[in-house]
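Have a look at the structure below, then the notes.
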Amino acid sequence: MNDHPRMRRERKTIKIMIHLYCHDHHGTKGDDLCPACQELQDYALMRLDRCPFQEGKTTCANCPVHCYKPEMRKRIAEVMRYAGPKMVFRHPVLAFWHLVIDGTRKEPRRPVKGRGKGAS
Ligand code: SF4
Ligand SMILES: [Zn+2]
């Protein structure tokens, strides 16, 4: 697992956003997730781990590759639409990094060798 601060931040952002969504839509609390959101989180973390750009990545929303399979892309987009605006108030520093610093990186840096084997 890539321990670069950019990747740690990315994992943390995904987890927080899925938890916000699950708590409000599926009645879970604390560290708990419903089975469907747990599956989505596992998938998102797996994609991140295999991301060809690693710490050179833009945000997934701005990515030219879009490695998510269609169903998961739809589900994560729904989570982001809901949780994105809430992040600005609840986790302003993380939201700032995600939207302003990472999200405005136009072109991902060259893929990291051996990463990104397509959608799965
Ligand atoms: S390839 Fe693109 S969509 Fe997939 S994890 Fe990397 S940045 Fe996100
Ligand atoms: Zn859920």
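Residue numbers start at 1 in each chain; chains themselves are named A, B, ... in the order of the structure tokens; ligands are numbered from 1 in the order shown.
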query = Skipping near chain neighbours, those fewer than 4 positions away, what residues fall within 7 Å of stretch 31-34 of chain A using only C-alpha atoms, listed as number ranges by chain?
reply = A: 19, 22, 26, 38
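All residues, whether protein, DNA or RNA, that have an atom at most 12 Å from ligand 2 (counting only C-alpha atoms and all ligand atoms) are Lys15, Met17, Ile18, His19, Leu20, Tyr21, Cys22, His23, Asp24, His25, His26, Gly27, Thr28, Lys29, Asp31, Asp32, Leu33, Cys34, Pro35, Ala36, Cys37, Gln38, Glu39, Leu40, Gln41, Arg75, Ile76, Glu78 and Val79 of chain A.
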Could you write out that same residue set with C-alpha atoms as an mmCIF file, in the first residue's frame?
```
data_model
loop_
_atom_site.group_PDB
_atom_site.id
_atom_site.type_symbol
_atom_site.label_atom_id
_atom_site.label_comp_id
_atom_site.auth_asym_id
_atom_site.auth_seq_id
_atom_site.Cartn_x
_atom_site.Cartn_y
_atom_site.Cartn_z
ATOM 1 C CA LYS A 15 -13.864 6.645 3.955
ATOM 2 C CA MET A 17 -17.546 10.482 2.499
ATOM 3 C CA ILE A 18 -18.929 6.940 2.371
ATOM 4 C CA HIS A 19 -19.529 7.014 6.128
ATOM 5 C CA LEU A 20 -21.374 10.349 5.893
ATOM 6 C CA TYR A 21 -23.564 8.942 3.144
ATOM 7 C CA CYS A 22 -24.238 5.628 4.845
ATOM 8 C CA HIS A 23 -25.043 7.178 8.227
ATOM 9 C CA ASP A 24 -27.618 9.509 6.682
ATOM 10 C CA HIS A 25 -29.152 7.064 4.198
ATOM 11 C CA HIS A 26 -28.883 3.690 5.878
ATOM 12 C CA GLY A 27 -29.031 4.538 9.586
ATOM 13 C CA THR A 28 -25.539 3.345 10.497
ATOM 14 C CA LYS A 29 -23.397 4.993 13.172
ATOM 15 C CA ASP A 31 -17.339 3.267 12.212
ATOM 16 C CA ASP A 32 -20.140 1.009 10.955
ATOM 17 C CA LEU A 33 -21.237 0.742 7.332
ATOM 18 C CA CYS A 34 -24.107 -1.227 5.816
ATOM 19 C CA PRO A 35 -23.025 -4.181 3.635
ATOM 20 C CA ALA A 36 -23.576 -2.280 0.361
ATOM 21 C CA CYS A 37 -21.530 0.742 1.470
ATOM 22 C CA GLN A 38 -18.844 -1.537 2.899
ATOM 23 C CA GLU A 39 -18.638 -3.196 -0.519
ATOM 24 C CA LEU A 40 -18.389 0.219 -2.197
ATOM 25 C CA GLN A 41 -15.660 1.348 0.199
ATOM 26 C CA ARG A 75 -22.721 4.541 -6.767
ATOM 27 C CA ILE A 76 -19.600 6.495 -5.846
ATOM 28 C CA GLU A 78 -24.060 9.458 -5.756
ATOM 29 C CA VAL A 79 -22.013 9.355 -2.544
#
```
What are the nearest atom pairs, with distances in Å to one decimal, for all residues of chain A that come at most 7 Å from ligand 1, using only C-alpha atoms and all ligand atoms, set out by chain and rising residue number as CSV?
```
residue,atom,partner,partner_atom_place_in_ligand_line,distance
A:Arg47,CA,ligand 1,5 (S),5.0
A:Leu48,CA,ligand 1,5 (S),4.3
A:Arg50,CA,ligand 1,5 (S),7.0
A:Cys51,CA,ligand 1,6 (Fe),3.9
A:Pro52,CA,ligand 1,1 (S),5.7
A:Phe53,CA,ligand 1,6 (Fe),5.9
A:Gln54,CA,ligand 1,6 (Fe),6.8
A:Lys57,CA,ligand 1,7 (S),5.2
A:Thr58,CA,ligand 1,7 (S),5.8
A:Thr59,CA,ligand 1,7 (S),5.7
A:Cys60,CA,ligand 1,8 (Fe),3.6
A:Ala61,CA,ligand 1,3 (S),6.9
A:Cys63,CA,ligand 1,2 (Fe),4.5
A:Pro64,CA,ligand 1,2 (Fe),6.5
A:Val65,CA,ligand 1,2 (Fe),5.1
A:His66,CA,ligand 1,3 (S),3.8
A:Cys67,CA,ligand 1,4 (Fe),4.1
A:Tyr68,CA,ligand 1,3 (S),6.1
A:Gly116,CA,ligand 1,1 (S),6.8
```
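Ranking A:Pro111, A:Gly84, A:Asp102, A:Lys69 by their shortest atom-to-atom distance to A:Arg6, with only C-alpha atoms included, puts A:Asp102 first.
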query = Skipping near chain neighbours, those fewer than 3 positions away, what residues fall within 8 Å of A:Thr13 using only C-alpha atoms, listed as a list in words?
reply = Arg9, Glu10, Ile16, Met17, Leu94 and His98 of chain A
Please produce a file of those selected residues containing C-alpha atoms, as a PDB file, in the first residue's frame.
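Writing done, so here's again.pdb:
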```
ATOM      1  CA  ARG A   9      -5.416  11.654   2.393  1.00  0.00           C
ATOM      2  CA  GLU A  10      -7.265  10.096  -0.538  1.00  0.00           C
ATOM      3  CA  ILE A  16     -15.290   9.820   5.480  1.00  0.00           C
ATOM      4  CA  MET A  17     -17.546  10.482   2.499  1.00  0.00           C
ATOM      5  CA  LEU A  94      -9.570  17.744   3.820  1.00  0.00           C
ATOM      6  CA  HIS A  98      -9.501  17.456  -2.312  1.00  0.00           C
TER       7      HIS A  98
END
```
task = Work out how far atom CA of A:Lys74 is from atom CA of A:Phe89, in Å to one decimal.
result =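 Between these atoms lies a distance of 24.4 Å.
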